[in-house]
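Participant: What follows is start.pdb; its format and atoms are PDB, C-alpha atoms and all ligand atoms.
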```pdb
ATOM      1  CA  MET A  15      36.002  22.818   1.142  1.00  0.00           C
ATOM      2  CA  ALA A  16      38.840  21.775   3.447  1.00  0.00           C
ATOM      3  CA  GLY A  17      41.783  19.858   2.045  1.00  0.00           C
ATOM      4  CA  ILE A  18      44.945  18.361   3.498  1.00  0.00           C
ATOM      5  CA  ARG A  19      48.339  18.591   1.855  1.00  0.00           C
ATOM      6  CA  LYS A  20      51.998  18.339   2.731  1.00  0.00           C
ATOM      7  CA  ALA A  21      53.413  21.572   4.088  1.00  0.00           C
ATOM      8  CA  GLU A  22      55.627  23.795   1.952  1.00  0.00           C
ATOM      9  CA  ILE A  23      58.443  26.111   3.014  1.00  0.00           C
ATOM     10  CA  SER A  24      56.077  29.093   2.653  1.00  0.00           C
ATOM     11  CA  ASP A  25      53.842  27.558   5.388  1.00  0.00           C
ATOM     12  CA  ALA A  26      56.651  27.649   7.983  1.00  0.00           C
ATOM     13  CA  ASP A  27      55.415  30.766   9.771  1.00  0.00           C
ATOM     14  CA  VAL A  28      51.804  29.694  10.185  1.00  0.00           C
ATOM     15  CA  VAL A  29      52.838  26.139  11.056  1.00  0.00           C
ATOM     16  CA  SER A  30      55.235  27.280  13.793  1.00  0.00           C
ATOM     17  CA  SER A  31      52.465  29.448  15.321  1.00  0.00           C
ATOM     18  CA  LEU A  32      50.119  26.456  15.267  1.00  0.00           C
ATOM     19  CA  ILE A  33      52.708  24.112  16.786  1.00  0.00           C
ATOM     20  CA  LEU A  34      53.255  26.639  19.564  1.00  0.00           C
ATOM     21  CA  GLN A  35      49.581  26.322  20.477  1.00  0.00           C
ATOM     22  CA  THR A  36      50.106  22.635  21.283  1.00  0.00           C
ATOM     23  CA  GLY A  37      52.328  23.569  24.240  1.00  0.00           C
ATOM     24  CA  ILE A  38      51.938  27.220  25.120  1.00  0.00           C
ATOM     25  CA  ARG A  39      53.654  26.794  28.503  1.00  0.00           C
ATOM     26  CA  PHE A  40      55.826  23.762  27.747  1.00  0.00           C
ATOM     27  CA  LEU A  41      57.512  24.658  24.428  1.00  0.00           C
ATOM     28  CA  PRO A  42      58.865  28.109  25.466  1.00  0.00           C
ATOM     29  CA  LEU A  43      60.259  26.514  28.630  1.00  0.00           C
ATOM     30  CA  VAL A  44      62.063  23.855  26.600  1.00  0.00           C
ATOM     31  CA  PHE A  45      63.278  25.998  23.657  1.00  0.00           C
ATOM     32  CA  GLY A  46      63.451  29.407  25.317  1.00  0.00           C
ATOM     33  CA  PRO A  47      62.042  32.771  24.228  1.00  0.00           C
ATOM     34  CA  GLN A  48      63.091  32.258  20.568  1.00  0.00           C
ATOM     35  CA  VAL A  49      60.838  29.210  20.317  1.00  0.00           C
ATOM     36  CA  LYS A  50      58.826  30.387  17.307  1.00  0.00           C
ATOM     37  CA  LEU A  51      61.937  31.272  15.289  1.00  0.00           C
ATOM     38  CA  ILE A  52      63.530  27.957  16.209  1.00  0.00           C
ATOM     39  CA  LEU A  53      60.463  25.974  15.150  1.00  0.00           C
ATOM     40  CA  GLY A  54      60.380  27.928  11.886  1.00  0.00           C
ATOM     41  CA  ARG A  55      64.017  27.048  11.167  1.00  0.00           C
ATOM     42  CA  LEU A  56      63.477  23.369  12.011  1.00  0.00           C
ATOM     43  CA  ILE A  57      60.475  23.265   9.671  1.00  0.00           C
ATOM     44  CA  LYS A  58      62.585  24.712   6.835  1.00  0.00           C
ATOM     45  CA  THR A  59      65.681  22.548   7.305  1.00  0.00           C
ATOM     46  CA  PRO A  60      65.810  19.168   5.532  1.00  0.00           C
ATOM     47  CA  GLY A  61      66.672  16.250   7.788  1.00  0.00           C
ATOM     48  CA  THR A  62      65.149  17.545  11.043  1.00  0.00           C
ATOM     49  CA  VAL A  63      62.153  15.861  12.666  1.00  0.00           C
ATOM     50  CA  PHE A  64      60.062  18.997  12.058  1.00  0.00           C
ATOM     51  CA  TYR A  65      61.017  19.350   8.370  1.00  0.00           C
ATOM     52  CA  ILE A  66      58.068  19.954   6.037  1.00  0.00           C
ATOM     53  CA  ASP A  67      58.067  16.358   4.826  1.00  0.00           C
ATOM     54  CA  ASN A  68      56.683  15.438   8.279  1.00  0.00           C
ATOM     55  CA  VAL A  69      54.187  18.312   8.359  1.00  0.00           C
ATOM     56  CA  TYR A  70      50.643  18.285   6.966  1.00  0.00           C
ATOM     57  CA  VAL A  71      48.430  21.324   6.709  1.00  0.00           C
ATOM     58  CA  LEU A  72      44.707  21.726   6.416  1.00  0.00           C
ATOM     59  CA  GLU A  73      43.599  24.542   4.177  1.00  0.00           C
ATOM     60  CA  ILE A  74      40.184  25.964   3.582  1.00  0.00           C
ATOM     61  CA  ASP A  75      38.940  28.112   0.732  1.00  0.00           C
ATOM     62  CA  GLU A  76      41.488  30.295  -1.036  1.00  0.00           C
ATOM     63  CA  GLY A  77      44.357  28.263   0.365  1.00  0.00           C
ATOM     64  CA  LYS A  78      44.067  29.630   3.911  1.00  0.00           C
ATOM     65  CA  VAL A  79      45.949  27.279   6.253  1.00  0.00           C
ATOM     66  CA  VAL A  80      43.987  26.811   9.507  1.00  0.00           C
ATOM     67  CA  GLY A  81      45.461  23.568  10.834  1.00  0.00           C
ATOM     68  CA  ALA A  82      48.741  21.696  11.042  1.00  0.00           C
ATOM     69  CA  MET A  83      49.965  18.284  12.123  1.00  0.00           C
ATOM     70  CA  VAL A  84      53.524  17.062  12.625  1.00  0.00           C
ATOM     71  CA  ALA A  85      53.538  13.284  12.336  1.00  0.00           C
ATOM     72  CA  TYR A  86      56.081  10.603  11.417  1.00  0.00           C
ATOM     73  CA  PRO A  87      57.023   6.962  11.871  1.00  0.00           C
ATOM     74  CA  GLY A  88      58.966   6.310  15.097  1.00  0.00           C
ATOM     75  CA  TYR A  89      61.911   4.839  13.196  1.00  0.00           C
ATOM     76  CA  ILE A  90      62.907   8.187  11.667  1.00  0.00           C
ATOM     77  CA  ILE A  91      63.512   9.920  15.012  1.00  0.00           C
ATOM     78  CA  ARG A  92      66.964   8.430  15.503  1.00  0.00           C
ATOM     79  CA  LYS A  93      67.896   9.153  11.861  1.00  0.00           C
ATOM     80  CA  ARG A  94      66.965  12.811  12.251  1.00  0.00           C
ATOM     81  CA  SER A  95      68.148  13.527  15.776  1.00  0.00           C
ATOM     82  CA  LEU A  96      71.679  14.649  14.806  1.00  0.00           C
ATOM     83  CA  LYS A  97      70.513  17.166  12.190  1.00  0.00           C
ATOM     84  CA  THR A  98      67.841  18.429  14.596  1.00  0.00           C
ATOM     85  CA  ALA A  99      70.454  18.901  17.328  1.00  0.00           C
ATOM     86  CA  LEU A 100      72.792  20.730  14.900  1.00  0.00           C
ATOM     87  CA  VAL A 101      70.071  23.205  13.916  1.00  0.00           C
ATOM     88  CA  LEU A 102      69.222  23.738  17.580  1.00  0.00           C
ATOM     89  CA  PHE A 103      72.895  24.428  18.281  1.00  0.00           C
ATOM     90  CA  GLU A 104      73.082  26.900  15.368  1.00  0.00           C
ATOM     91  CA  MET A 105      70.043  28.715  16.719  1.00  0.00           C
ATOM     92  CA  MET A 106      70.661  28.483  20.451  1.00  0.00           C
ATOM     93  CA  GLY A 107      74.446  28.239  20.789  1.00  0.00           C
ATOM     94  CA  MET A 108      75.571  27.821  24.403  1.00  0.00           C
ATOM     95  CA  GLU A 109      71.965  28.134  25.556  1.00  0.00           C
ATOM     96  CA  LEU A 110      71.439  24.623  24.131  1.00  0.00           C
ATOM     97  CA  ILE A 111      74.242  23.291  26.325  1.00  0.00           C
ATOM     98  CA  ARG A 112      72.671  24.991  29.347  1.00  0.00           C
ATOM     99  CA  ARG A 113      69.334  23.352  28.486  1.00  0.00           C
ATOM    100  CA  ILE A 114      70.739  19.961  27.505  1.00  0.00           C
ATOM    101  CA  ARG A 115      69.333  18.254  30.615  1.00  0.00           C
ATOM    102  CA  VAL A 116      65.860  19.488  29.716  1.00  0.00           C
ATOM    103  CA  PHE A 117      66.159  18.130  26.155  1.00  0.00           C
ATOM    104  CA  ARG A 118      67.497  14.801  27.440  1.00  0.00           C
ATOM    105  CA  LEU A 119      64.638  14.569  29.940  1.00  0.00           C
ATOM    106  CA  VAL A 120      62.004  15.245  27.286  1.00  0.00           C
ATOM    107  CA  GLU A 121      63.639  12.758  24.912  1.00  0.00           C
ATOM    108  CA  SER A 122      63.816  10.018  27.543  1.00  0.00           C
ATOM    109  CA  LYS A 123      60.201  10.509  28.634  1.00  0.00           C
ATOM    110  CA  ASN A 124      58.770  10.741  25.122  1.00  0.00           C
ATOM    111  CA  LYS A 125      60.382   7.666  23.599  1.00  0.00           C
ATOM    112  CA  VAL A 126      58.533   6.345  20.570  1.00  0.00           C
ATOM    113  CA  ASN A 127      58.849   2.774  19.355  1.00  0.00           C
ATOM    114  CA  LYS A 128      60.061   2.185  15.814  1.00  0.00           C
ATOM    115  CA  ASP A 129      56.819   0.457  14.869  1.00  0.00           C
ATOM    116  CA  GLU A 130      54.547   3.333  15.945  1.00  0.00           C
ATOM    117  CA  PHE A 131      53.330   6.280  13.916  1.00  0.00           C
ATOM    118  CA  TYR A 132      53.769   9.300  16.176  1.00  0.00           C
ATOM    119  CA  ILE A 133      51.621  12.417  16.144  1.00  0.00           C
ATOM    120  CA  SER A 134      54.015  14.971  17.554  1.00  0.00           C
ATOM    121  CA  ASN A 135      51.738  18.025  17.261  1.00  0.00           C
ATOM    122  CA  ILE A 136      48.271  18.819  15.984  1.00  0.00           C
ATOM    123  CA  ALA A 137      46.512  22.161  16.141  1.00  0.00           C
ATOM    124  CA  ILE A 138      43.675  24.060  14.559  1.00  0.00           C
ATOM    125  CA  ASP A 139      43.630  27.841  14.588  1.00  0.00           C
ATOM    126  CA  SER A 140      41.438  29.037  17.518  1.00  0.00           C
ATOM    127  CA  GLU A 141      38.930  30.737  15.170  1.00  0.00           C
ATOM    128  CA  HIS A 142      38.302  27.447  13.349  1.00  0.00           C
ATOM    129  CA  ARG A 143      37.997  24.910  16.168  1.00  0.00           C
ATOM    130  CA  GLY A 144      34.906  22.787  16.699  1.00  0.00           C
ATOM    131  CA  MET A 145      34.241  22.571  12.941  1.00  0.00           C
ATOM    132  CA  GLY A 146      35.533  19.051  12.383  1.00  0.00           C
ATOM    133  CA  TYR A 147      38.924  20.110  10.962  1.00  0.00           C
ATOM    134  CA  GLY A 148      40.920  18.522  13.802  1.00  0.00           C
ATOM    135  CA  THR A 149      39.038  15.259  13.272  1.00  0.00           C
ATOM    136  CA  LYS A 150      39.814  15.353   9.565  1.00  0.00           C
ATOM    137  CA  LEU A 151      43.522  15.946  10.181  1.00  0.00           C
ATOM    138  CA  LEU A 152      43.820  13.299  12.893  1.00  0.00           C
ATOM    139  CA  LYS A 153      42.012  10.718  10.758  1.00  0.00           C
ATOM    140  CA  TYR A 154      44.433  11.516   7.952  1.00  0.00           C
ATOM    141  CA  SER A 155      47.279  10.335  10.201  1.00  0.00           C
ATOM    142  CA  GLU A 156      45.718   6.856  10.077  1.00  0.00           C
ATOM    143  CA  GLU A 157      46.141   6.783   6.290  1.00  0.00           C
ATOM    144  CA  LEU A 158      49.735   7.925   6.678  1.00  0.00           C
ATOM    145  CA  ALA A 159      50.417   5.203   9.258  1.00  0.00           C
ATOM    146  CA  LYS A 160      48.991   2.575   6.910  1.00  0.00           C
ATOM    147  CA  GLU A 161      51.104   3.904   4.022  1.00  0.00           C
ATOM    148  CA  HIS A 162      54.146   3.307   6.223  1.00  0.00           C
ATOM    149  CA  GLY A 163      52.883  -0.173   7.102  1.00  0.00           C
ATOM    150  CA  LEU A 164      52.370   0.764  10.763  1.00  0.00           C
ATOM    151  CA  GLY A 165      49.346  -0.366  12.784  1.00  0.00           C
ATOM    152  CA  LYS A 166      49.750   1.734  15.930  1.00  0.00           C
ATOM    153  CA  LEU A 167      49.386   5.485  16.423  1.00  0.00           C
ATOM    154  CA  SER A 168      50.677   7.260  19.492  1.00  0.00           C
ATOM    155  CA  LEU A 169      50.825  10.767  20.906  1.00  0.00           C
ATOM    156  CA  ASP A 170      51.466  12.667  24.141  1.00  0.00           C
ATOM    157  CA  VAL A 171      49.039  15.167  25.598  1.00  0.00           C
ATOM    158  CA  GLU A 172      49.226  17.300  28.731  1.00  0.00           C
ATOM    159  CA  ASN A 173      46.801  16.064  31.384  1.00  0.00           C
ATOM    160  CA  THR A 174      45.476  19.627  31.769  1.00  0.00           C
ATOM    161  CA  ASN A 175      44.361  19.692  28.104  1.00  0.00           C
ATOM    162  CA  SER A 176      41.008  18.028  28.735  1.00  0.00           C
ATOM    163  CA  ASN A 177      39.586  19.354  25.458  1.00  0.00           C
ATOM    164  CA  ALA A 178      42.255  17.517  23.449  1.00  0.00           C
ATOM    165  CA  ILE A 179      42.037  14.379  25.620  1.00  0.00           C
ATOM    166  CA  GLU A 180      38.281  14.155  24.960  1.00  0.00           C
ATOM    167  CA  PHE A 181      38.911  14.781  21.273  1.00  0.00           C
ATOM    168  CA  TYR A 182      41.426  11.894  21.093  1.00  0.00           C
ATOM    169  CA  LYS A 183      39.171   9.562  23.095  1.00  0.00           C
ATOM    170  CA  ARG A 184      36.280  10.211  20.724  1.00  0.00           C
ATOM    171  CA  LEU A 185      38.538   9.167  17.869  1.00  0.00           C
ATOM    172  CA  GLY A 186      39.468   5.876  19.531  1.00  0.00           C
ATOM    173  CA  TYR A 187      42.648   6.728  21.445  1.00  0.00           C
ATOM    174  CA  ARG A 188      43.209   5.272  24.907  1.00  0.00           C
ATOM    175  CA  GLY A 189      45.591   6.441  27.628  1.00  0.00           C
ATOM    176  CA  THR A 190      48.426   3.958  28.188  1.00  0.00           C
ATOM    177  CA  LYS A 191      50.760   5.693  30.633  1.00  0.00           C
ATOM    178  CA  VAL A 192      51.383   8.890  32.531  1.00  0.00           C
ATOM    179  CA  LYS A 193      54.724  10.705  32.561  1.00  0.00           C
ATOM    180  CA  ARG A 194      55.771  13.522  34.876  1.00  0.00           C
ATOM    181  CA  MET A 195      58.511  16.047  34.201  1.00  0.00           C
ATOM    182  CA  TYR A 196      59.838  18.956  36.221  1.00  0.00           C
ATOM    183  CA  ILE A 197      61.193  21.727  34.046  1.00  0.00           C
ATOM    184  CA  LYS A 198      62.570  24.912  35.543  1.00  0.00           C
ATOM    185  CA  GLY A 199      60.401  24.521  38.643  1.00  0.00           C
ATOM    186  CA  SER A 200      57.191  23.684  36.776  1.00  0.00           C
ATOM    187  CA  GLN A 201      55.595  20.266  36.757  1.00  0.00           C
ATOM    188  CA  PHE A 202      54.165  18.816  33.551  1.00  0.00           C
ATOM    189  CA  THR A 203      52.168  15.629  33.329  1.00  0.00           C
ATOM    190  CA  PHE A 204      51.750  14.002  29.945  1.00  0.00           C
ATOM    191  CA  VAL A 205      49.432  11.172  29.016  1.00  0.00           C
ATOM    192  CA  ARG A 206      50.623   8.793  26.300  1.00  0.00           C
ATOM    193  CA  MET A 207      47.600   7.860  24.192  1.00  0.00           C
ATOM    194  CA  GLN A 208      47.520   5.158  21.560  1.00  0.00           C
ATOM    195  CA  LYS A 209      45.244   3.719  18.935  1.00  0.00           C
ATOM    196  CA  LEU A 210      45.549   0.369  17.191  1.00  0.00           C
ATOM    197  CA  LEU A 211      44.409   0.266  13.590  1.00  0.00           C
ATOM    198  CA  ASN A 212      42.384  -2.611  12.203  1.00  0.00           C
ATOM    199  CA  LYS A 213      44.466  -4.675   9.855  1.00  0.00           C
TER
HETATM  200  C1  LIG B 301      42.426  19.587  19.889  1.00  0.00           C
HETATM  201  C2  LIG B 301      42.111  20.258  18.551  1.00  0.00           C
HETATM  202  C3  LIG B 301      43.204  19.913  17.553  1.00  0.00           C
HETATM  203  C4  LIG B 301      40.785  19.726  18.038  1.00  0.00           C
HETATM  204  O1  LIG B 301      40.526  20.323  16.774  1.00  0.00           O
HETATM  205  P1  LIG B 301      39.043  20.783  16.360  1.00  0.00           P
HETATM  206  O2  LIG B 301      39.070  21.149  14.920  1.00  0.00           O
HETATM  207  O3  LIG B 301      38.545  21.777  17.309  1.00  0.00           O
HETATM  208  O4  LIG B 301      38.291  19.387  16.539  1.00  0.00           O
HETATM  209  P2  LIG B 301      36.878  18.966  15.920  1.00  0.00           P
HETATM  210  O5  LIG B 301      36.083  20.131  15.543  1.00  0.00           O
HETATM  211  O6  LIG B 301      37.162  17.945  14.868  1.00  0.00           O
HETATM  212  O7  LIG B 301      36.257  18.213  17.165  1.00  0.00           O
HETATM  213  C5  LIG B 301      36.214  18.844  18.425  1.00  0.00           C
HETATM  214  C6  LIG B 301      35.025  18.419  19.222  1.00  0.00           C
HETATM  215  O8  LIG B 301      34.813  19.392  20.250  1.00  0.00           O
HETATM  216  C7  LIG B 301      33.640  20.161  19.989  1.00  0.00           C
HETATM  217  N1  LIG B 301      33.863  21.609  20.085  1.00  0.00           N
HETATM  218  C8  LIG B 301      32.926  22.534  20.058  1.00  0.00           C
HETATM  219  N2  LIG B 301      33.429  23.747  20.174  1.00  0.00           N
HETATM  220  C9  LIG B 301      34.735  23.609  20.254  1.00  0.00           C
HETATM  221  C10 LIG B 301      35.808  24.521  20.369  1.00  0.00           C
HETATM  222  N3  LIG B 301      35.638  25.846  20.429  1.00  0.00           N
HETATM  223  N4  LIG B 301      37.057  24.037  20.422  1.00  0.00           N
HETATM  224  C11 LIG B 301      37.269  22.722  20.345  1.00  0.00           C
HETATM  225  N5  LIG B 301      36.275  21.814  20.250  1.00  0.00           N
HETATM  226  C12 LIG B 301      35.019  22.243  20.198  1.00  0.00           C
HETATM  227  C13 LIG B 301      33.272  19.802  18.592  1.00  0.00           C
HETATM  228  O9  LIG B 301      31.877  19.891  18.438  1.00  0.00           O
HETATM  229  C14 LIG B 301      33.750  18.377  18.450  1.00  0.00           C
HETATM  230  O10 LIG B 301      32.890  17.484  19.100  1.00  0.00           O
HETATM  231  P3  LIG B 301      32.074  16.371  18.274  1.00  0.00           P
HETATM  232  O11 LIG B 301      33.079  15.464  17.628  1.00  0.00           O
HETATM  233  O12 LIG B 301      31.260  15.684  19.329  1.00  0.00           O
HETATM  234  O13 LIG B 301      31.277  17.158  17.283  1.00  0.00           O
HETATM  235  C15 LIG B 301      41.962  21.794  18.710  1.00  0.00           C
HETATM  236  O14 LIG B 301      41.049  22.042  19.721  1.00  0.00           O
HETATM  237  C16 LIG B 301      43.257  22.528  18.995  1.00  0.00           C
HETATM  238  O15 LIG B 301      43.968  22.950  18.095  1.00  0.00           O
HETATM  239  N6  LIG B 301      43.596  22.750  20.284  1.00  0.00           N
HETATM  240  C17 LIG B 301      44.789  23.518  20.649  1.00  0.00           C
HETATM  241  C18 LIG B 301      46.050  22.760  20.376  1.00  0.00           C
HETATM  242  C19 LIG B 301      46.079  21.466  21.140  1.00  0.00           C
HETATM  243  O16 LIG B 301      45.789  21.427  22.313  1.00  0.00           O
HETATM  244  N7  LIG B 301      46.501  20.381  20.449  1.00  0.00           N
HETATM  245  C20 LIG B 301      46.642  19.084  21.040  1.00  0.00           C
HETATM  246  C21 LIG B 301      47.921  19.053  21.767  1.00  0.00           C
HETATM  247  S1  LIG B 301      48.451  17.421  22.076  1.00  0.00           S
END
```
Can you present the structure in this file as structure tokens?
Facilitator:
Amino acid sequence: MAGIRKAEISDADVVSSLILQTGIRFLPLVFGPQVKLILGRLIKTPGTVFYIDNVYVLEIDEGKVVGAMVAYPGYIIRKRSLKTALVLFEMMGMELIRRIRVFRLVESKNKVNKDEFYISNIAIDSEHRGMGYGTKLLKYSEELAKEHGLGKLSLDVENTNSNAIEFYKRLGYRGTKVKRMYIKGSQFTFVRMQKLLNK
């Protein structure tokens, strides 16, 4: 039986590995080679956007975590940006300053409205894909959105990730805009996808 629960500090390692799978090329370019450690620290530090209170895990028998989702209402991003930046500075030091244009670019392209529930990352362990777990986790985000009184879900997906795009379409998401970014000589194209919930 698969169940979904809020993440705990002890899940940080598995969750950071799963998050990494949502942007295998993109995330190391943005955060640098220490990306997994940095994600782990963000997950463990209260007040960051990646803190465990915004992370949900899917576990199967014997408590084995095989999926994770980072999701939150758009209005908390601004509240948590300072703490997130401070942790990044602690972890990256001057490297953060060198990469500040990259962070600013990503932030400006991925703006989320206050009235949207944003799915920042969702991943299922490669051994457990195609078993309906991703569907279960993504549908759970609809309950979370409703709990927060929000009627719109949004997310960003790389245009090369056709598997995920099909997955989102099947669950009622529609592409609303396309955003291009150049990071360290590589081009990334993201599709913003959204779903309106029935009131
Ligand atoms: C996208 C992702 C979360 C979907 O999770 P999932 O558990 O595989 O999804 P589901 O099993 O609920 O549904 C996937 C669909 O693809 C089909 N499928 C079959 N084999 C599959 C496989 N090996 N991998 C993925 N999907 C597969 C499933 O049958 C299902 O189709 P259906 O609804 O018509 O039955 C998962 O593939 C993943 O973690 N990908 C890597 C991370 C990623 O790209 N995240 C999104 C970034 S924005």
Participant: Run the PyMOL selection byres (((chain A and resi 135) around 8) and not hetatm) against the file shown and list the residues it catches, as number ranges by chain.
Facilitator: A: 33, 36, 82-85, 133-134, 136-137
Participant: What does the file look like for those residues with C-alpha atoms, as an mmCIF file, in the coordinates of the input?
Facilitator:
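Printed below is selection-v2.cif as written:
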```
data_model
loop_
_atom_site.group_PDB
_atom_site.id
_atom_site.type_symbol
_atom_site.label_atom_id
_atom_site.label_comp_id
_atom_site.auth_asym_id
_atom_site.auth_seq_id
_atom_site.Cartn_x
_atom_site.Cartn_y
_atom_site.Cartn_z
ATOM 1 C CA ILE A 33 52.708 24.112 16.786
ATOM 2 C CA THR A 36 50.106 22.635 21.283
ATOM 3 C CA ALA A 82 48.741 21.696 11.042
ATOM 4 C CA MET A 83 49.965 18.284 12.123
ATOM 5 C CA VAL A 84 53.524 17.062 12.625
ATOM 6 C CA ALA A 85 53.538 13.284 12.336
ATOM 7 C CA ILE A 133 51.621 12.417 16.144
ATOM 8 C CA SER A 134 54.015 14.971 17.554
ATOM 9 C CA ILE A 136 48.271 18.819 15.984
ATOM 10 C CA ALA A 137 46.512 22.161 16.141
#
```
Participant: Please write out, as AutoDock Vina command-line options, where the centre of an axis-aligned box around all listed atoms of ligand LIG 301 (chain B) lies and how long its edges are, in Å to one decimal, after adding 6 Å on each side.
Facilitator:
```
--center_x 39.9 --center_y 20.7 --center_z 18.6 --size_x 29.2 --size_y 22.4 --size_z 19.4
```
Participant: Point out the residue among A:Met195, A:Ala159, A:Leu43, A:Ala178 with the least atom-to-atom distance to ligand LIG 301 (chain B), counting all atoms listed in the file.
Facilitator: A:Ala178
Participant: Given the choices A:Ala99, A:Val116, A:Val63, A:Ala16, which gets closest to ligand LIG 301 (chain B) if the distance is worked out from only C-alpha atoms and all ligand atoms?
Facilitator: A:Ala16
Participant: Which residue out of A:Glu172, A:Glu73, A:Asp25, A:Asp129 has the minimum interatomic distance to Arg39 in chain A when only C-alpha atoms are used?
Facilitator: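 Selected residue with least distance to Arg39 in chain A: A:Glu172.
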Participant: Tell me, in Å to one decimal, how far CA of Asp139 in chain A is from atom C15 of ligand LIG 301 (chain B).
Facilitator: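 Interatomic distance, CA of Asp139 in chain A to atom C15 of ligand LIG 301 (chain B): 7.5 Å.
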Participant: Choose the residue, out of A:Pro60, A:Ser176, A:Glu157, A:Leu210, that has the smallest atom-to-atom separation from Arg188 in chain A; count only C-alpha atoms.
Facilitator: A:Leu210
Participant: Have a look at atom O12 of ligand LIG 301 (chain B) and CA of Tyr86 in chain A and let me know their distance in Å, one decimal.
Facilitator: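 CA of Tyr86 in chain A lies 26.5 Å from atom O12 of ligand LIG 301 (chain B).
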Participant: Enter the distance from CA of Leu164 in chain A to CA of Phe181 in chain A, in Å, rounded to one decimal.
Facilitator: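 CA of Phe181 in chain A lies 22.1 Å from CA of Leu164 in chain A.
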